[in-house]
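The data block below is my_file26.txt; it holds compact mmCIF, C-alpha atoms.
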# COMPACT_ATOMS: atom_id res chain seq x y z
CA MET A 1 15.02 15.18 -57.20
CA VAL A 2 17.83 12.86 -56.20
CA ASP A 3 16.10 11.91 -53.00
CA THR A 4 13.25 10.35 -54.96
CA VAL A 5 15.52 7.36 -55.44
CA ASP A 6 14.82 5.30 -52.42
CA SER A 7 16.73 2.10 -52.22
CA SER A 8 14.71 0.53 -49.46
CA GLY A 9 11.82 -0.68 -51.56
CA GLU A 10 12.93 -0.72 -55.13
CA LEU A 11 13.28 -4.46 -55.35
CA ALA A 12 11.97 -7.26 -53.28
CA PRO A 13 14.55 -7.97 -50.61
CA PRO A 14 16.78 -10.67 -51.96
CA PRO A 15 16.31 -14.04 -50.28
CA ALA A 16 18.68 -14.39 -47.37
CA HIS A 17 20.58 -17.20 -48.99
CA ARG A 18 21.24 -15.16 -52.12
CA ARG A 19 23.90 -12.49 -52.21
CA THR A 20 23.20 -9.20 -53.94
CA THR A 21 24.71 -9.60 -57.36
CA TRP A 22 26.25 -7.06 -59.65
CA GLY A 23 23.19 -7.41 -61.89
CA ASP A 24 20.89 -6.50 -58.99
CA ARG A 25 22.77 -3.29 -58.47
CA VAL A 26 22.63 -2.34 -62.14
CA ARG A 27 18.90 -3.10 -62.25
CA TRP A 28 18.32 -1.02 -59.13
CA LEU A 29 20.31 1.86 -60.55
CA LEU A 30 18.58 1.80 -63.93
CA ARG A 31 15.14 1.57 -62.41
CA GLY A 32 15.87 4.45 -60.07
CA LEU A 33 17.22 6.52 -62.94
CA GLY A 34 14.12 5.79 -64.99
CA GLN A 35 11.83 6.88 -62.19
CA VAL A 36 13.77 10.08 -61.65
CA LEU A 37 13.57 10.94 -65.34
CA ILE A 38 9.83 10.21 -65.54
CA THR A 39 9.22 12.27 -62.40
CA ALA A 40 11.25 15.14 -63.80
CA GLY A 41 9.27 15.00 -67.03
CA VAL A 42 5.95 15.11 -65.21
CA ILE A 43 7.12 18.04 -63.06
CA VAL A 44 8.18 20.00 -66.14
CA LEU A 45 4.81 19.34 -67.77
CA LEU A 46 3.03 20.45 -64.62
CA PHE A 47 5.11 23.61 -64.62
CA VAL A 48 3.92 24.40 -68.14
CA VAL A 49 0.33 23.86 -67.01
CA TYR A 50 0.99 26.14 -64.06
CA GLU A 51 2.60 28.86 -66.14
CA VAL A 52 -0.03 28.87 -68.87
CA TYR A 53 -3.22 28.24 -66.87
CA VAL A 54 -2.82 28.52 -63.11
CA THR A 55 -1.07 31.91 -63.14
CA ASN A 56 -3.78 33.22 -65.45
CA TYR A 57 -6.46 32.14 -63.04
CA PHE A 58 -4.93 34.10 -60.17
CA ALA A 59 -4.02 37.08 -62.34
CA ASP A 60 -7.53 37.30 -63.75
CA ARG A 61 -8.98 37.38 -60.25
CA ALA A 62 -6.51 40.08 -59.14
CA GLN A 63 -7.21 42.09 -62.30
CA ALA A 64 -10.97 41.86 -61.73
CA GLN A 65 -10.49 43.25 -58.23
CA VAL A 66 -8.37 46.16 -59.45
CA LYS A 67 -10.92 46.90 -62.18
CA THR A 68 -13.81 47.00 -59.77
CA ALA A 69 -11.93 49.08 -57.21
CA LEU A 70 -10.96 51.64 -59.84
CA LYS A 71 -14.52 51.85 -61.12
CA HIS A 72 -15.81 52.46 -57.59
CA GLU A 73 -13.15 55.08 -56.99
CA TRP A 74 -14.12 56.97 -60.12
CA GLU A 75 -17.81 56.78 -59.36
CA GLN A 76 -17.27 58.30 -55.95
CA ALA A 77 -14.54 60.93 -56.39
CA LYS A 78 -16.25 63.04 -59.01
CA GLY A 79 -14.21 65.74 -60.70
CA LYS A 80 -10.96 65.03 -58.89
CA ASP A 81 -8.97 63.15 -61.45
CA PRO A 82 -5.67 62.35 -59.68
CA LEU A 83 -3.93 61.98 -63.03
CA LEU A 84 -4.86 65.51 -64.07
CA ALA A 85 -4.25 67.29 -60.79
CA LEU A 86 -0.62 66.28 -60.59
CA PRO A 87 1.87 68.79 -61.92
CA GLY A 88 4.84 67.76 -64.01
CA GLN A 89 6.06 64.23 -64.48
CA SER A 90 5.92 62.94 -60.95
CA ALA A 91 3.07 60.97 -59.49
CA PRO A 92 3.73 60.79 -55.78
CA SER A 93 0.18 60.24 -54.65
CA LEU A 94 -0.50 57.19 -56.78
CA PRO A 95 -0.24 54.11 -54.56
CA GLU A 96 1.67 51.24 -56.13
CA GLY A 97 -0.38 48.23 -57.17
CA LYS A 98 -3.63 50.16 -57.48
CA GLY A 99 -5.42 50.82 -60.74
CA ILE A 100 -4.81 54.18 -62.45
CA ALA A 101 -6.40 53.84 -65.89
CA TYR A 102 -8.07 51.43 -68.31
CA LEU A 103 -6.45 50.18 -71.47
CA TYR A 104 -8.32 49.20 -74.63
CA ILE A 105 -6.82 48.02 -77.91
CA PRO A 106 -9.46 47.46 -80.63
CA ARG A 107 -7.05 45.36 -82.71
CA LEU A 108 -6.89 42.82 -79.89
CA GLY A 109 -10.65 42.44 -79.70
CA ARG A 110 -13.72 44.00 -78.13
CA ASP A 111 -13.14 42.06 -74.95
CA PHE A 112 -9.62 43.42 -74.53
CA GLY A 113 -9.85 45.75 -71.56
CA TYR A 114 -7.42 45.95 -68.66
CA ALA A 115 -6.92 48.16 -65.65
CA ILE A 116 -3.37 49.50 -65.67
CA VAL A 117 -1.83 49.38 -62.20
CA GLN A 118 0.79 51.73 -60.81
CA GLY A 119 4.23 50.12 -60.73
CA THR A 120 6.07 47.35 -62.53
CA SER A 121 7.23 45.04 -59.74
CA ASN A 122 6.43 41.34 -60.03
CA ALA A 123 3.54 41.80 -57.61
CA ASP A 124 2.16 44.74 -59.62
CA LEU A 125 2.37 42.93 -62.94
CA GLU A 126 0.52 39.92 -61.57
CA LYS A 127 -2.51 42.19 -61.32
CA GLY A 128 -2.31 43.62 -64.81
CA PRO A 129 -0.27 45.85 -67.09
CA GLY A 130 1.87 48.19 -64.98
CA HIS A 131 2.76 51.86 -65.36
CA TYR A 132 6.50 52.50 -65.09
CA ILE A 133 6.79 54.79 -62.08
CA GLY A 134 8.44 58.04 -63.05
CA THR A 135 7.34 57.97 -66.68
CA ALA A 136 4.63 60.32 -67.92
CA LEU A 137 0.99 59.84 -67.00
CA PRO A 138 -1.67 59.19 -69.65
CA GLY A 139 -2.03 62.15 -71.97
CA GLN A 140 1.01 63.99 -70.64
CA VAL A 141 3.78 65.20 -72.89
CA GLY A 142 6.58 62.72 -72.42
CA ASN A 143 6.36 58.94 -72.53
CA PHE A 144 3.67 56.93 -70.75
CA GLY A 145 5.43 53.59 -70.14
CA VAL A 146 3.48 50.37 -69.58
CA ALA A 147 4.81 46.84 -69.07
CA GLY A 148 2.72 43.68 -69.36
CA HIS A 149 3.10 39.91 -69.31
CA ARG A 150 3.00 38.06 -72.58
CA VAL A 151 2.59 34.48 -71.40
CA GLY A 152 0.77 33.62 -68.19
CA LYS A 153 -0.08 36.07 -65.38
CA GLY A 154 -3.16 37.20 -67.29
CA GLU A 155 -1.05 37.66 -70.44
CA PRO A 156 -2.40 41.13 -71.35
CA PHE A 157 0.27 41.62 -74.02
CA LEU A 158 0.10 38.11 -75.50
CA ASN A 159 -0.73 39.50 -78.93
CA LEU A 160 1.13 42.80 -78.78
CA ASP A 161 2.98 41.70 -81.93
CA GLN A 162 -0.28 41.89 -83.90
CA LEU A 163 -0.54 45.66 -83.61
CA GLN A 164 -0.27 47.44 -86.96
CA PRO A 165 0.93 50.97 -87.73
CA GLY A 166 -1.80 53.48 -86.95
CA ASP A 167 -3.77 51.15 -84.69
CA PRO A 168 -5.53 53.00 -81.87
CA VAL A 169 -4.46 52.30 -78.29
CA ILE A 170 -7.06 53.77 -75.96
CA VAL A 171 -6.36 54.85 -72.39
CA GLN A 172 -9.29 55.81 -70.21
CA THR A 173 -8.72 57.95 -67.13
CA GLU A 174 -11.33 59.39 -64.85
CA SER A 175 -11.80 62.55 -66.88
CA ARG A 176 -10.39 61.79 -70.34
CA TRP A 177 -10.14 59.22 -73.10
CA TYR A 178 -6.74 59.29 -74.76
CA VAL A 179 -6.25 57.73 -78.19
CA TYR A 180 -2.67 56.88 -79.04
CA ARG A 181 -1.74 55.67 -82.51
CA VAL A 182 0.90 52.99 -83.02
CA GLY A 183 3.89 54.36 -84.92
CA GLY A 184 5.52 53.12 -88.10
CA LYS A 185 4.28 53.51 -91.67
CA PRO A 186 1.65 51.35 -93.42
CA GLY A 187 3.23 47.97 -94.07
CA ASP A 188 6.34 48.76 -92.04
CA ILE A 189 5.88 49.00 -88.32
CA THR A 190 9.60 49.48 -87.77
CA ALA A 191 9.60 52.73 -89.80
CA THR A 192 10.53 55.75 -87.72
CA ASP A 193 8.63 58.98 -87.21
CA ILE A 194 9.86 62.58 -87.44
CA GLN A 195 11.88 62.17 -84.22
CA GLY A 196 13.31 58.80 -85.20
CA VAL A 197 11.01 56.63 -83.06
CA PRO A 198 9.83 53.36 -84.65
CA GLY A 199 6.39 51.79 -84.20
CA ARG A 200 7.88 48.61 -82.87
CA GLU A 201 11.35 47.46 -81.94
CA ILE A 202 13.01 44.46 -80.34
CA VAL A 203 15.62 45.46 -77.78
CA ASP A 204 17.88 43.96 -75.14
CA PRO A 205 16.40 43.58 -71.66
CA GLY A 206 18.68 46.32 -70.31
CA ASP A 207 17.67 48.96 -72.84
CA GLY A 208 15.87 51.49 -70.66
CA ALA A 209 16.18 54.16 -73.36
CA VAL A 210 12.92 52.97 -74.91
CA LEU A 211 11.20 54.67 -71.97
CA ASP A 212 12.87 58.04 -72.56
CA PRO A 213 10.42 60.93 -73.15
CA VAL A 214 11.53 60.65 -76.75
CA PRO A 215 12.29 56.92 -76.96
CA ASP A 216 15.90 56.09 -77.88
CA HIS A 217 16.65 59.80 -78.36
CA PRO A 218 17.42 61.28 -74.94
CA ASP A 219 18.58 64.58 -76.43
CA ALA A 220 15.61 65.19 -78.72
CA PRO A 221 13.16 67.96 -77.77
CA ILE A 222 10.20 66.63 -75.78
CA LYS A 223 7.21 67.71 -77.82
CA TYR A 224 4.77 64.84 -78.03
CA ALA A 225 2.69 62.77 -75.66
CA ARG A 226 3.87 59.25 -76.34
CA MET A 227 3.11 55.82 -75.00
CA THR A 228 5.44 52.82 -74.85
CA MET A 229 4.45 49.23 -74.12
CA THR A 230 7.01 46.57 -73.24
CA THR A 231 6.72 42.82 -72.96
CA CYS A 232 9.00 39.80 -73.29
CA HIS A 233 10.26 38.46 -76.58
CA PRO A 234 10.24 35.86 -78.01
CA LYS A 235 7.25 34.29 -76.30
CA PHE A 236 8.10 32.11 -73.29
CA THR A 237 11.55 33.64 -72.92
CA ALA A 238 13.16 36.73 -71.52
CA THR A 239 15.97 36.99 -74.03
CA GLN A 240 14.74 40.30 -75.41
CA ARG A 241 11.93 42.82 -75.05
CA MET A 242 9.32 43.71 -77.60
CA VAL A 243 8.55 47.40 -77.46
CA VAL A 244 5.65 49.18 -79.16
CA HIS A 245 5.61 52.98 -79.38
CA ALA A 246 2.52 55.08 -79.98
CA THR A 247 1.78 58.80 -80.08
CA LEU A 248 -1.22 60.68 -78.74
CA ALA A 249 -3.59 61.53 -81.58
CA GLN A 250 -6.87 62.44 -79.92
CA THR A 251 -8.26 63.37 -76.51
CA VAL A 252 -11.93 63.02 -75.68
CA LYS A 253 -13.52 64.37 -72.53
CA ALA A 254 -15.20 61.71 -70.44
CA HIS A 255 -18.83 61.90 -69.37
CA GLY A 256 -19.21 59.28 -66.72
CA LEU A 257 -17.75 55.87 -67.40
CA THR A 258 -19.49 55.15 -70.71
CA MET A 259 -17.37 54.91 -73.81
CA PRO A 260 -17.97 57.99 -76.01
CA ALA A 261 -19.30 57.37 -79.52
CA SER A 262 -16.09 58.64 -81.10
CA ILE A 263 -14.14 56.00 -79.16
CA VAL A 264 -16.62 53.24 -79.98
CA ALA A 265 -16.19 54.15 -83.66
CA LEU A 266 -12.52 53.16 -83.41
CA TYR A 267 -13.61 49.54 -83.10
CA ASN A 268 -15.15 49.51 -86.59
CA GLY A 269 -13.16 47.26 -88.86
CA GLN A 270 -10.75 46.29 -86.09
CA GLY A 271 -10.34 43.35 -83.84
CA ALA A 272 -12.25 40.11 -83.75
CA MET B 1 10.18 4.71 -54.42
CA TYR B 2 6.91 4.27 -56.29
CA VAL B 3 7.07 0.50 -55.80
CA TRP B 4 7.68 1.05 -52.10
CA ILE B 5 4.69 3.39 -51.81
CA TRP B 6 2.43 1.02 -53.74
CA ARG B 7 3.39 -1.88 -51.47
CA HIS B 8 2.71 0.08 -48.32
CA LEU B 9 -0.74 1.39 -49.30
CA PRO B 10 -3.47 -0.57 -47.54
CA GLY B 11 -6.56 -2.02 -49.16
CA ASN B 12 -7.41 -3.66 -52.45
CA LEU B 13 -6.55 -2.46 -55.92
CA ALA B 14 -9.38 0.09 -56.21
CA ILE B 15 -8.65 1.64 -52.82
CA LYS B 16 -4.95 1.78 -53.61
CA MET B 17 -5.62 3.56 -56.88
CA ALA B 18 -7.85 6.09 -55.13
CA GLN B 19 -5.06 6.77 -52.65
CA VAL B 20 -2.54 7.16 -55.45
CA LEU B 21 -4.82 9.72 -57.06
CA VAL B 22 -5.13 11.66 -53.81
CA LEU B 23 -1.36 11.57 -53.32
CA PHE B 24 -0.78 12.79 -56.85
CA LEU B 25 -3.25 15.65 -56.42
CA ALA B 26 -1.64 16.60 -53.12
CA VAL B 27 1.81 16.77 -54.70
CA THR B 28 0.39 18.73 -57.64
CA ALA B 29 -1.23 21.23 -55.29
CA LEU B 30 2.03 21.60 -53.40
CA LEU B 31 3.82 22.30 -56.68
CA PHE B 32 1.18 24.72 -58.00
CA PHE B 33 0.62 26.78 -54.90
CA VAL B 34 3.94 26.68 -53.05
CA ILE B 35 6.92 25.46 -55.04
CA PHE B 36 6.26 26.91 -58.50
CA PRO B 37 5.28 30.40 -57.27
CA TRP B 38 8.44 30.40 -55.18
CA ILE B 39 10.76 29.20 -57.90
CA GLU B 40 9.27 31.12 -60.79
CA PRO B 41 10.70 34.61 -60.18
CA HIS B 42 14.17 33.07 -60.36
CA LEU B 43 13.60 31.63 -63.82
CA PRO B 44 14.34 33.69 -66.92
CA ILE B 45 10.94 33.24 -68.55
CA SER B 46 8.55 36.01 -67.67
CA GLN B 47 10.56 39.19 -67.34
CA VAL B 48 8.75 41.88 -69.28
CA THR B 49 10.27 45.13 -68.11
CA VAL B 50 13.19 47.28 -69.10
CA PRO B 51 14.98 49.34 -66.47
CA GLY B 52 12.60 52.16 -65.58
CA GLU B 53 13.48 55.68 -64.47
CA LYS B 54 12.98 55.25 -60.76
Any chance you could put this one into structure tokens?
Amino acid sequence: MVDTVDSSGELAPPPAHRRTTWGDRVRWLLRGLGQVLITAGVIVLLFVVYEVYVTNYFADRAQAQVKTALKHEWEQAKGKDPLLALPGQSAPSLPEGKGIAYLYIPRLGRDFGYAIVQGTSNADLEKGPGHYIGTALPGQVGNFGVAGHRVGKGEPFLNLDQLQPGDPVIVQTESRWYVYRVGGKPGDITATDIQGVPGREIVDPGDGAVLDPVPDHPDAPIKYARMTMTTCHPKFTATQRMVVHATLAQTVKAHGLTMPASIVALYNGQGA
Amino acid sequence: MYVWIWRHLPGNLAIKMAQVLVLFLAVTALLFFVIFPWIEPHLPISQVTVPGEK
């Protein structure tokens, strides 16, 4: 930034017979300062444009590729759902950055549909919502953890704060449709369930306990298949994390890639 | 600096303005595709994860 002040051309060279006065120097300094400030302002504005539009453009393209690749994979490898074949909690054969499941949230609209990628590195999350490696897989008992950007980078979780208690969160794998229900009680999304897990909470960035098999309760018995979504909070900052917990309520067997009628019915009265 | 650039651009007013536009777009492209993507991971604005169980 400082090097944008270039003395050589700021003012017409003073006539040879005139000495550079104190006023010349002040004028030169003020003009340079003004230009630096204007330049800085324009750069900051451009950064906002970049963050809000340009990153979305690239993320949308990457997400479209992951979506298509996953669809092709499922169409070809019939009956070998990698998410079902794996025993226990580990998922060693899932390559990072590739799609593993689709995510639908009726509350966020009929056009809300993302491929969830494996992994939560910066590169992974630029493609779409990412599955925390080591957390449960969709439908498994434990906690299926997913992180997503809230502003820019495709912003899948831009409106995560609009989820209401009981809202369905649908995860499609090759062989199953899993319907999770957002926790909390009607009118109070922060209300806790039988194991003390709220529907939504705002936590510090270092609070990894929200991904525990029983979120925030590492010692509680692991009985339910849960899902946890994390994003940044408040918008545009990384001061805290917004975390939404849901619990598996329904499993529907998949027949091809079409959405079963019972899943379509979940869209009635929800979303825009 | 801007005065210096303006003085050194050849041509009449219209040609100069066209060149300014091209220069501005070039700088913008440099910011969008090189500098911002490089600087962004170091800014505390789009961290969405909590420590996972690796």
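Within 7 Å of the file-frame point (3.4, 57.9, -75.8), and using all atoms listed in the file, the polymer residues found are Gly142, Asn143, Phe144, Tyr180, Ala225, Arg226, Met227, Thr228, His245, Ala246, Thr247 and Leu248 of chain A.
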* To do: Write down, as a VMD selection string, each residue of chain A that has any atom within 9 Å of an atom of chain B, counting only C-alpha atoms.
  => chain A and resid 4 to 11 32 35 43 46 to 47 50 to 51 54 to 55 120 to 122 132 to 135 145 to 153 204 to 212 230 to 233 235 to 242
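CA of Leu125 in chain A sits 11.4 Å away from CA of Asp60 in chain A.
Of note, CA of Lys71 in chain A and CA of Leu257 in chain A are spaced 8.1 Å apart.
Taking CA of Ala59 in chain A as the reference point, CA of Pro156 in chain A is found at 10.0 Å.
The residue that comes closest to Asp193 in chain A, out of A:Lys253, A:Lys98, A:Arg110, A:Arg181 and on the basis of all atoms listed in the file, is A:Arg181.
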Show me, as AutoDock Vina command-line options, the centre and edge lengths in Å to one decimal of the axis-aligned box that covers every listed atom of range 42-47 of chain B with 4 Å on each side.
--center_x 11.4 --center_y 35.4 --center_z -64.5 --size_x 13.8 --size_y 15.6 --size_z 16.2
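Nearest residue to His217 in chain A among A:Ile202, A:Gln195, A:Pro138, A:Ile38 is A:Gln195, counting all atoms listed in the file.
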* **Contacts of Val66 in chain A at 9 Å (only C-alpha atoms; same-chain gap of 5+ positions) as an MDAnalysis selection string** => chainID A and resid 61 71 97:99 115:117 127:128
